[in-house]
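Pasted below: run21.txt, compact mmCIF, C-alpha atoms.
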# COMPACT_ATOMS: atom_id res chain seq x y z
CA MET O 30 100.88 55.35 79.94
CA HIS O 31 102.71 57.72 82.26
CA TRP O 32 100.36 57.89 85.25
CA SER O 33 102.12 55.14 87.18
CA GLY O 34 105.45 56.95 86.85
CA MET O 35 103.90 60.18 88.10
CA GLU O 36 102.31 58.35 91.04
CA ARG O 37 105.74 56.94 91.97
CA TRP O 38 107.13 60.48 91.85
CA LEU O 39 104.35 61.68 94.18
CA GLN O 40 105.04 58.81 96.59
CA LYS O 41 108.75 59.59 96.57
CA ARG O 42 107.96 63.25 97.30
CA CYS O 43 105.76 62.17 100.22
CA GLU O 44 108.64 60.21 101.72
CA GLU O 45 111.09 63.08 101.21
CA VAL O 46 108.90 65.99 102.33
CA HIS O 47 106.51 64.44 104.87
CA PRO O 48 107.49 60.91 105.92
CA GLY O 49 104.41 58.98 107.01
CA TYR O 50 101.96 61.13 105.02
CA GLY O 51 101.41 58.30 102.55
CA ASP O 52 100.50 55.86 105.32
CA GLY O 53 96.96 57.15 105.17
CA GLY O 54 96.64 56.25 101.51
CA LYS O 55 98.79 56.74 98.46
CA LEU O 56 98.27 59.64 96.10
CA ARG O 57 96.60 58.53 92.88
CA ILE O 58 96.07 60.38 89.63
CA LEU O 59 92.46 61.06 88.74
CA GLY O 60 93.27 62.54 85.36
CA TYR O 61 94.52 65.54 83.39
CA GLN O 62 92.60 68.47 81.92
CA TRP O 63 93.36 71.45 79.74
CA ARG O 64 91.72 74.40 81.45
CA VAL O 65 91.09 77.84 80.02
CA LEU O 66 90.79 81.11 81.94
CA ARG O 67 88.64 83.61 80.02
CA PHE O 68 87.90 87.28 80.48
CA ASN O 69 84.71 86.86 78.41
CA ASP O 70 83.27 84.77 75.58
CA VAL O 71 85.85 86.16 73.13
CA THR O 72 89.12 86.68 75.01
CA ARG O 73 91.07 83.65 76.19
CA GLN O 74 93.30 84.89 79.00
CA SER O 75 95.40 81.78 79.54
CA THR O 76 95.46 78.01 79.14
CA ALA O 77 97.07 75.42 81.42
CA LYS O 78 97.32 71.66 81.72
CA VAL O 79 96.18 70.57 85.19
CA MET O 80 96.76 67.25 86.95
CA ALA O 81 94.08 66.11 89.42
CA THR O 82 95.12 63.77 92.26
CA TYR O 83 93.45 62.25 95.31
CA ARG O 84 94.39 60.11 98.32
CA GLU O 85 93.12 56.55 98.40
CA ASN O 86 91.50 57.01 101.80
CA MET O 87 89.94 60.39 100.82
CA PRO O 88 88.65 59.96 97.26
CA GLY O 89 86.23 62.87 97.62
CA VAL O 90 89.02 65.46 97.99
CA VAL O 91 90.78 66.41 94.75
CA TYR O 92 94.09 68.30 94.56
CA LEU O 93 95.12 70.25 91.46
CA MET O 94 98.65 70.74 90.18
CA GLN O 95 99.43 72.78 87.09
CA GLN O 96 101.99 71.14 84.79
CA PRO O 97 104.75 73.78 84.41
CA ARG O 98 106.38 72.41 81.25
CA CYS O 99 103.11 72.26 79.27
CA LEU O 100 102.77 75.65 77.61
CA ALA O 101 99.74 75.85 75.33
CA VAL O 102 99.69 79.51 74.28
CA PRO O 103 102.15 80.49 71.50
CA TYR O 104 102.82 84.01 72.77
CA VAL O 105 104.04 82.65 76.13
CA LYS O 106 106.55 80.44 74.31
CA SER O 107 107.57 83.47 72.25
CA MET O 108 108.15 85.65 75.33
CA ILE O 109 110.22 82.93 76.99
CA SER O 110 112.25 82.11 73.86
CA ALA O 111 113.03 85.71 72.94
CA GLY O 112 113.64 86.84 76.52
CA LEU O 113 115.91 84.04 77.74
CA THR O 114 117.87 83.97 74.48
CA THR O 115 118.45 87.73 74.67
CA ILE O 116 119.63 87.89 78.29
CA ALA O 117 121.91 84.91 77.63
CA SER O 118 123.43 86.96 74.79
CA CYS O 119 124.14 89.88 77.16
CA ASN O 120 126.92 88.23 79.19
CA PHE O 121 124.50 87.02 81.87
CA ASP O 122 125.60 83.62 83.20
CA ILE O 123 122.30 81.88 82.63
CA ILE O 124 123.88 78.41 82.92
CA SER O 125 124.74 79.06 86.56
CA ALA O 126 121.19 80.34 87.14
CA LEU O 127 119.72 77.21 85.53
CA GLN O 128 121.82 75.06 87.87
CA GLY O 129 120.90 77.11 90.95
CA LYS O 130 124.46 78.34 91.45
CA LYS O 131 123.37 82.00 91.21
CA ASN O 132 120.08 83.83 91.59
CA MET O 133 118.11 85.25 88.70
CA HIS O 134 115.59 87.85 89.80
CA ILE O 135 112.47 87.95 87.62
CA LEU O 136 109.36 90.16 87.77
CA CYS O 137 106.13 89.16 86.02
CA ILE O 138 103.55 91.94 85.61
CA GLY O 139 100.23 90.22 84.97
CA HIS O 140 99.50 86.73 86.26
CA GLY O 141 96.67 85.03 84.39
CA GLY O 142 96.74 81.31 85.08
CA GLY O 143 100.39 81.51 86.18
CA SER O 144 101.93 79.37 83.44
CA LEU O 145 104.76 81.81 82.65
CA PRO O 146 106.11 82.25 86.22
CA LEU O 147 105.65 78.53 86.99
CA PHE O 148 107.64 77.57 83.90
CA LEU O 149 110.47 79.96 84.80
CA ALA O 150 110.66 78.86 88.44
CA SER O 151 110.58 75.16 87.58
CA GLN O 152 113.11 75.36 84.74
CA ILE O 153 115.56 77.84 86.30
CA GLN O 154 116.68 76.57 89.70
CA GLY O 155 118.13 79.94 90.67
CA ALA O 156 115.04 81.93 89.63
CA ILE O 157 113.33 84.10 92.25
CA VAL O 158 110.05 85.14 90.65
CA HIS O 159 107.85 88.02 91.81
CA ILE O 160 104.37 88.30 90.26
CA VAL O 161 102.10 91.34 90.39
CA GLU O 162 98.39 90.94 89.62
CA ILE O 163 95.80 93.64 90.30
CA ASP O 164 92.67 91.49 89.96
CA PRO O 165 91.86 89.28 92.99
CA LEU O 166 89.47 87.20 90.86
CA VAL O 167 92.31 86.25 88.51
CA ILE O 168 94.46 85.22 91.48
CA SER O 169 91.63 83.18 92.98
CA ALA O 170 90.86 81.45 89.67
CA SER O 171 94.52 80.56 89.08
CA ILE O 172 94.74 78.89 92.50
CA ARG O 173 91.31 77.26 92.74
CA ALA O 174 90.86 76.18 89.11
CA MET O 175 94.25 76.33 87.34
CA GLY O 176 96.39 74.49 89.90
CA PHE O 177 98.73 77.37 90.83
CA PRO O 178 100.38 76.90 94.27
CA ALA O 179 98.36 78.75 96.91
CA CYS O 180 101.36 78.90 99.22
CA SER O 181 103.04 81.39 96.85
CA LEU O 182 100.50 84.11 97.65
CA LYS O 183 102.04 86.92 99.69
CA THR O 184 100.70 89.95 101.53
CA GLN O 185 101.73 93.50 100.62
CA SER O 186 104.41 93.36 103.33
CA GLY O 187 105.89 90.22 101.78
CA ASP O 188 104.65 87.80 104.42
CA GLN O 189 103.04 84.52 103.44
CA ASP O 190 99.30 84.95 102.99
CA VAL O 191 98.64 81.57 104.61
CA SER O 192 100.29 80.81 107.94
CA LYS O 193 101.65 77.46 106.78
CA PRO O 194 101.50 75.63 103.44
CA GLU O 195 99.26 72.57 103.38
CA THR O 196 101.03 69.22 103.32
CA ILE O 197 99.88 68.50 99.77
CA ASP O 198 101.31 71.85 98.59
CA GLU O 199 104.64 71.00 100.16
CA ILE O 200 104.64 67.61 98.42
CA MET O 201 103.77 69.01 95.00
CA TRP O 202 105.71 72.27 95.05
CA LYS O 203 108.54 72.16 97.62
CA GLY O 204 111.66 73.60 96.04
CA THR O 205 109.59 75.75 93.69
CA HIS O 206 106.92 77.60 95.70
CA GLU O 207 109.55 79.11 98.02
CA ARG O 208 110.96 80.98 95.02
CA ILE O 209 107.62 82.37 93.80
CA CYS O 210 105.93 85.40 95.38
CA LEU O 211 102.48 86.35 94.09
CA TYR O 212 101.29 89.83 95.11
CA GLU O 213 97.84 91.34 94.68
CA ALA O 214 98.87 94.88 93.80
CA ASP O 215 98.78 97.64 91.21
CA ALA O 216 101.82 97.31 88.93
CA GLU O 217 102.70 101.00 89.02
CA GLU O 218 102.54 101.21 92.81
CA PHE O 219 104.51 97.99 93.20
CA VAL O 220 107.34 99.10 90.90
CA VAL O 221 107.49 102.60 92.37
CA ASN O 222 107.73 101.28 95.94
CA SER O 223 110.05 98.36 95.21
CA THR O 224 113.78 98.42 95.94
CA ASN O 225 114.55 95.19 94.06
CA ILE O 226 116.76 95.01 91.00
CA TYR O 227 115.49 92.56 88.39
CA ASP O 228 117.46 90.72 85.74
CA MET O 229 114.31 90.11 83.70
CA ILE O 230 110.85 91.68 83.61
CA PHE O 231 107.90 90.18 81.73
CA VAL O 232 104.91 92.42 81.03
CA ASP O 233 101.59 90.88 79.98
CA ALA O 234 99.02 93.23 81.41
CA TYR O 235 95.99 93.36 79.14
CA ASP O 236 92.76 93.88 81.03
CA GLY O 237 89.30 92.38 80.57
CA ASP O 238 88.59 94.75 77.68
CA ASP O 239 91.77 93.60 75.92
CA ILE O 240 93.49 96.94 76.53
CA PHE O 241 97.08 97.52 77.62
CA PRO O 242 96.65 100.30 80.25
CA HIS O 243 98.15 103.57 79.03
CA LYS O 244 99.93 104.22 82.32
CA LEU O 245 102.07 101.12 81.66
CA TRP O 246 103.52 102.41 78.38
CA ARG O 247 103.14 106.18 78.01
CA PRO O 248 106.62 107.82 77.64
CA ASP O 249 105.89 110.25 80.47
CA SER O 250 104.44 107.58 82.79
CA THR O 251 105.65 107.13 86.34
CA PHE O 252 105.61 103.38 85.74
CA LEU O 253 108.18 103.34 82.92
CA LYS O 254 110.55 105.67 84.76
CA ALA O 255 110.36 103.49 87.87
CA LEU O 256 110.73 100.32 85.79
CA SER O 257 113.97 101.68 84.37
CA ASN O 258 115.33 102.07 87.91
CA ARG O 259 114.37 98.49 88.79
CA LEU O 260 116.09 96.95 85.75
CA HIS O 261 119.66 95.66 86.04
CA PRO O 262 121.94 98.27 84.39
CA LYS O 263 124.26 95.82 82.61
CA HIS O 264 122.05 93.02 81.29
CA GLY O 265 118.47 93.88 82.28
CA THR O 266 115.92 92.54 79.79
CA VAL O 267 112.23 93.39 79.45
CA VAL O 268 109.75 91.33 77.42
CA VAL O 269 106.31 92.71 76.56
CA ASN O 270 103.37 90.89 75.01
CA LEU O 271 101.51 93.07 72.49
CA HIS O 272 98.55 92.69 70.17
CA SER O 273 99.66 93.74 66.71
CA ASP O 274 96.59 93.28 64.52
CA SER O 275 95.49 96.78 63.53
CA ASP O 276 98.90 98.47 63.70
CA VAL O 277 99.42 97.90 59.97
CA LEU O 278 96.02 99.27 58.99
CA ASN O 279 95.10 102.77 57.95
CA LEU O 280 93.55 104.02 61.17
CA ASP O 281 91.24 106.35 59.26
CA THR O 282 89.57 103.36 57.64
CA VAL O 283 89.53 100.89 60.52
CA PRO O 284 85.93 99.74 61.04
CA SER O 285 84.62 100.78 64.43
CA ALA O 286 83.69 97.17 65.19
CA LEU O 287 87.29 96.03 64.60
CA GLU O 288 88.64 98.85 66.74
CA GLN O 289 86.41 97.72 69.61
CA ILE O 290 87.70 94.15 69.30
CA LEU O 291 91.37 95.15 68.93
CA PRO O 292 91.62 98.55 70.65
CA MET O 293 95.32 98.22 71.46
CA GLY O 294 96.76 97.28 68.07
CA LYS O 295 97.17 100.83 66.79
CA TYR O 296 99.47 101.70 69.71
CA VAL O 297 102.04 98.95 69.18
CA SER O 298 104.63 101.18 67.47
CA GLN O 299 104.27 103.80 70.20
CA VAL O 300 104.70 101.19 72.93
CA CYS O 301 107.89 99.86 71.31
CA GLY O 302 109.38 103.35 71.02
CA ALA O 303 108.49 104.31 74.57
CA TYR O 304 110.02 101.19 76.13
CA LYS O 305 113.20 101.46 74.07
CA ASP O 306 113.73 105.18 74.77
CA LEU O 307 113.00 104.94 78.50
CA LEU O 308 114.86 101.69 79.24
CA VAL O 309 117.83 101.89 76.87
CA GLY O 310 117.98 105.52 75.79
CA LYS O 311 118.34 106.80 72.24
CA GLY O 312 122.11 106.36 72.36
CA GLY O 313 122.37 103.69 75.04
CA SER O 314 124.28 100.41 74.90
CA GLY O 315 121.34 98.15 74.30
CA LEU O 316 118.70 97.36 71.74
CA ALA O 317 115.05 96.57 71.17
CA PHE O 318 113.41 94.23 68.69
CA THR O 319 110.08 92.62 67.99
CA VAL O 320 109.20 89.16 66.74
CA ALA O 321 105.85 88.04 65.37
CA VAL O 322 104.25 85.18 67.27
CA PRO O 323 103.37 82.18 65.04
CA TRP O 324 99.69 81.32 64.54
CA VAL O 325 98.28 84.27 66.50
CA CYS O 326 98.17 88.06 66.08
CA ASN O 327 100.63 88.89 68.87
CA THR O 328 104.04 90.52 68.91
CA SER O 329 106.78 90.03 71.50
CA LEU O 330 108.78 93.17 72.24
CA VAL O 331 112.22 92.66 73.80
CA VAL O 332 114.28 95.53 75.22
CA CYS O 333 117.68 94.73 76.67
CA ARG O 334 120.67 96.48 78.14
CA GLY O 335 124.20 95.29 77.53
CA PHE O 336 123.91 93.72 74.08
CA ASP O 337 127.29 94.26 72.40
CA LYS O 338 126.81 97.08 69.89
CA ASP O 339 130.50 97.92 69.63
CA SER O 340 131.12 95.38 66.89
CA GLU O 341 131.80 96.92 63.49
CA TYR O 342 129.51 94.26 62.05
CA PHE O 343 126.53 95.27 64.19
CA ASN O 344 123.34 95.09 62.14
CA ARG O 345 120.12 93.10 61.94
CA ASP O 346 121.87 89.95 60.68
CA PHE O 347 124.50 90.15 63.42
CA VAL O 348 121.81 90.39 66.11
CA ILE O 349 119.61 87.59 64.81
CA ASN O 350 122.57 85.25 64.18
CA THR O 351 123.78 85.86 67.74
CA LEU O 352 120.31 85.08 69.08
CA ILE O 353 119.91 81.95 66.93
CA THR O 354 123.24 80.56 68.13
CA LYS O 355 122.31 81.16 71.76
CA SER O 356 118.80 79.76 71.28
CA LEU O 357 120.16 76.42 70.08
CA GLU O 358 122.42 76.25 73.13
CA LEU O 359 119.53 77.02 75.50
CA GLU O 360 117.24 74.46 73.88
CA TYR O 361 119.82 71.77 74.53
CA VAL O 362 120.82 72.82 78.06
CA MET O 363 117.25 73.40 79.26
CA ASP O 364 115.77 70.42 77.40
CA LEU O 365 112.94 72.69 76.29
CA PRO O 366 109.68 71.11 75.11
CA PHE O 367 109.57 73.55 72.16
CA SER O 368 111.97 75.16 69.70
CA CYS O 369 113.23 78.65 70.58
CA LEU O 370 114.23 79.15 66.97
CA GLU O 371 110.62 78.73 65.84
CA TYR O 372 109.74 81.81 67.92
CA LEU O 373 112.72 83.96 66.90
CA LYS O 374 112.86 83.69 63.14
CA ARG O 375 109.41 85.05 62.22
CA GLY O 376 109.02 88.76 61.58
CA PHE O 377 112.22 89.86 63.36
CA ILE O 378 112.44 93.69 63.35
CA LEU O 379 114.92 95.98 65.14
CA VAL O 380 113.13 98.88 66.83
Same coordinates, now as structure tokens:
Amino acid sequence: MHWSGMERWLQKRCEEVHPGYGDGGKLRILGYQWRVLRFNDVTRQSTAKVMATYRENMPGVVYLMQQPRCLAVPYVKSMISAGLTTIASCNFDIISALQGKKNMHILCIGHGGGSLPLFLASQIQGAIVHIVEIDPLVISASIRAMGFPACSLKTQSGDQDVSKPETIDEIMWKGTHERICLYEADAEEFVVNSTNIYDMIFVDAYDGDDIFPHKLWRPDSTFLKALSNRLHPKHGTVVVNLHSDSDVLNLDTVPSALEQILPMGKYVSQVCGAYKDLLVGKGGSGLAFTVAVPWVCNTSLVVCRGFDKDSEYFNRDFVINTLITKSLELEYVMDLPFSCLEYLKRGFILV
């Protein structure tokens, strides 16, 4: 039903970005696919909706474009909902960022298929998104199979990995890919060596064994101390994806088989405490909370600086009512394809 409209959009982009490119044959839609990136037979790393297109005069060459607004995984929607709602509640002018009137600096640690950074860059016109991914195979798979823009890949020095974006990349991604920088790097080394100050930081760094590396959450880790220095002092917000399954179990009675499947669950409480203490401080002007992700066994941890704690009415209800009010505003302004409220109201706990 909608393919013809999308083809008209592609033709319009051709005329705007590369006049004359369409003379050799219009871009046509071959179809859409949901594609899944897996670490193994058990662990689904990410899911993305991909559009396949081709030129009429070159039907054997297929181009892939991930659809940024189509988020399939519930925990990604949870991270976005909780994170954007929180920073908007911390006196950050997110409306100006959405309109491109001011920059919003975002760091994503862990890349996967790239659905989270693509969504942020496409929805927030002022977003400048840096992505750090340690595994070159994940980067390659996201570009070759998941439709992530290849022209966003950068070298360690920050230069573009390819000398010049291909014409088709310019047509599909111009206006977005310039604001996305994908680095193949170790997260700890990147954060330690960076001089950037980020408004938001998203951490989703489970490895192929479904483990959140200890160096990314231990209280005495170099990473957390450096991360604190990279976070904006007045409204900086960090969102962390966590597996929560076995945290509520008696660890003395956890079957060894379950512990092998969910090795990170028992550390969730420790992770929450470490991030709050290092990023906000035990008496700092900020807060941390977790929300349970619907339908899956994940938890979103949010740590923010600048949330107004001076109110005499400050308590759990005050925080969640503030977030709910802001979430409804964001849903309307951003025309989100999902409800923020759905991802805020379940299992809300102040850390």
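Protein and nucleic acid residues near (110.1, 87.7, 87.7) are Met133, His134, Ile135, Leu136, Cys137, Ile138, Pro146, Leu149, Ala150, Ala156, Ile157, Val158, His159, Ile160, Ile209, Tyr227, Asp228, Met229, Ile230 and Phe231 of chain O, the criterion being any atom at most 9 Å away using all atoms listed in the file.
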Could you save the residues just selected, with C-alpha atoms, as a PDB file, in the frame of the given file?
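Result file out17.pdb:
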ATOM      1  CA  MET O 133     118.110  85.250  88.700  1.00  0.00           C
ATOM      2  CA  HIS O 134     115.590  87.850  89.800  1.00  0.00           C
ATOM      3  CA  ILE O 135     112.470  87.950  87.620  1.00  0.00           C
ATOM      4  CA  LEU O 136     109.360  90.160  87.770  1.00  0.00           C
ATOM      5  CA  CYS O 137     106.130  89.160  86.020  1.00  0.00           C
ATOM      6  CA  ILE O 138     103.550  91.940  85.610  1.00  0.00           C
ATOM      7  CA  PRO O 146     106.110  82.250  86.220  1.00  0.00           C
ATOM      8  CA  LEU O 149     110.470  79.960  84.800  1.00  0.00           C
ATOM      9  CA  ALA O 150     110.660  78.860  88.440  1.00  0.00           C
ATOM     10  CA  ALA O 156     115.040  81.930  89.630  1.00  0.00           C
ATOM     11  CA  ILE O 157     113.330  84.100  92.250  1.00  0.00           C
ATOM     12  CA  VAL O 158     110.050  85.140  90.650  1.00  0.00           C
ATOM     13  CA  HIS O 159     107.850  88.020  91.810  1.00  0.00           C
ATOM     14  CA  ILE O 160     104.370  88.300  90.260  1.00  0.00           C
ATOM     15  CA  ILE O 209     107.620  82.370  93.800  1.00  0.00           C
ATOM     16  CA  TYR O 227     115.490  92.560  88.390  1.00  0.00           C
ATOM     17  CA  ASP O 228     117.460  90.720  85.740  1.00  0.00           C
ATOM     18  CA  MET O 229     114.310  90.110  83.700  1.00  0.00           C
ATOM     19  CA  ILE O 230     110.850  91.680  83.610  1.00  0.00           C
ATOM     20  CA  PHE O 231     107.900  90.180  81.730  1.00  0.00           C
TER      21      PHE O 231
END
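Considering only C-alpha atoms, the residue among O:Arg57, O:Ala81, O:Leu100, O:Ala179 positioned nearest to Ser144 in chain O is O:Leu100.
Residue neighbourhood of Leu365 in chain O, excluding near-sequence residues (fewer than 5 positions): O:Pro97, O:Arg98, O:Cys99, O:Leu100, O:Lys106, O:Ile109, O:Ser110, O:Leu113, O:Phe148, O:Leu149, O:Ser151, O:Gln152, O:Ile153, O:Ser356, O:Leu357, O:Glu358, O:Leu359, O:Glu360, O:Leu370, at 12 Å, using only C-alpha atoms.
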I need the chosen residues saved as a PDB file, keeping the file's coordinate frame, with C-alpha atoms.
ATOM      1  CA  PRO O  97     104.750  73.780  84.410  1.00  0.00           C
ATOM      2  CA  ARG O  98     106.380  72.410  81.250  1.00  0.00           C
ATOM      3  CA  CYS O  99     103.110  72.260  79.270  1.00  0.00           C
ATOM      4  CA  LEU O 100     102.770  75.650  77.610  1.00  0.00           C
ATOM      5  CA  LYS O 106     106.550  80.440  74.310  1.00  0.00           C
ATOM      6  CA  ILE O 109     110.220  82.930  76.990  1.00  0.00           C
ATOM      7  CA  SER O 110     112.250  82.110  73.860  1.00  0.00           C
ATOM      8  CA  LEU O 113     115.910  84.040  77.740  1.00  0.00           C
ATOM      9  CA  PHE O 148     107.640  77.570  83.900  1.00  0.00           C
ATOM     10  CA  LEU O 149     110.470  79.960  84.800  1.00  0.00           C
ATOM     11  CA  SER O 151     110.580  75.160  87.580  1.00  0.00           C
ATOM     12  CA  GLN O 152     113.110  75.360  84.740  1.00  0.00           C
ATOM     13  CA  ILE O 153     115.560  77.840  86.300  1.00  0.00           C
ATOM     14  CA  SER O 356     118.800  79.760  71.280  1.00  0.00           C
ATOM     15  CA  LEU O 357     120.160  76.420  70.080  1.00  0.00           C
ATOM     16  CA  GLU O 358     122.420  76.250  73.130  1.00  0.00           C
ATOM     17  CA  LEU O 359     119.530  77.020  75.500  1.00  0.00           C
ATOM     18  CA  GLU O 360     117.240  74.460  73.880  1.00  0.00           C
ATOM     19  CA  LEU O 370     114.230  79.150  66.970  1.00  0.00           C
TER      20      LEU O 370
END
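Across the model, the gap from CA of Arg84 in chain O to CA of Glu199 in chain O is 15.1 Å.
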Self-check item: Selection as a ChimeraX atom specification: residues within 12 Å of (104.5, 62.0, 87.6), counting only C-alpha atoms
Solution: /O:30-42,56-58,60-61,80-82,94-96,201
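In this structure, CA of Arg375 in chain O sits 7.3 Å away from CA of Pro323 in chain O.
Picture a line from CA of Met363 in chain O to CA of Pro103 in chain O; it runs 18.4 Å.
For Ile123 in chain O, the residues within 10 Å (counting only C-alpha atoms, excluding itself and residues fewer than 3 positions away along the chain) are Leu113, Thr114, Ile116, Ala117, Ser118, Cys119, Asn120, Ala126, Leu127, Gln128, Gly129, Lys130, Lys131, Asn132, Met133, Ile153, Gly155 and Leu359 of chain O.
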Self-check item: Exercise: Leu211 in chain O partners within 8 Å, all atoms listed in the file, chain neighbours under 3 positions left out, as a ChimeraX atom specification
Solution: /O:159-162,181-183
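Residue nearest Ile172 in chain O, chosen from O:Gly335, O:Ala77, O:Asp233, O:His264 and counting all atoms listed in the file: O:Ala77.
Closest approach to Tyr212 in chain O among O:Lys193, O:His272, O:Lys78, O:His140: O:His140, based on all atoms listed in the file.
In this comparison, which uses all atoms listed in the file, the residue of O:Asp198, O:Asp249, O:Asp238, O:Asp164 approaching Ala216 in chain O most closely is O:Asp164.
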Take every atom of range 321-335 of chain O listed in the file, fit an axis-aligned box around them, add 8 Å per side, and give the centre and edge lengths in Å to one decimal as lines of an AutoDock Vina configuration file.
center_x = 111.2
center_y = 88.9
center_z = 71.3
size_x = 42.0
size_y = 31.2
size_z = 29.6
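In terms of minimum interatomic distance to Ala321 in chain O, O:Lys374 ranks closest within O:Arg345, O:Arg173, O:Lys374, O:Lys355, counting only C-alpha atoms.
Among the candidates O:Ala255, O:Val102, O:Val167, O:Val269, the residue lying nearest to Glu213 in chain O is O:Val167 (atoms considered: only C-alpha atoms).
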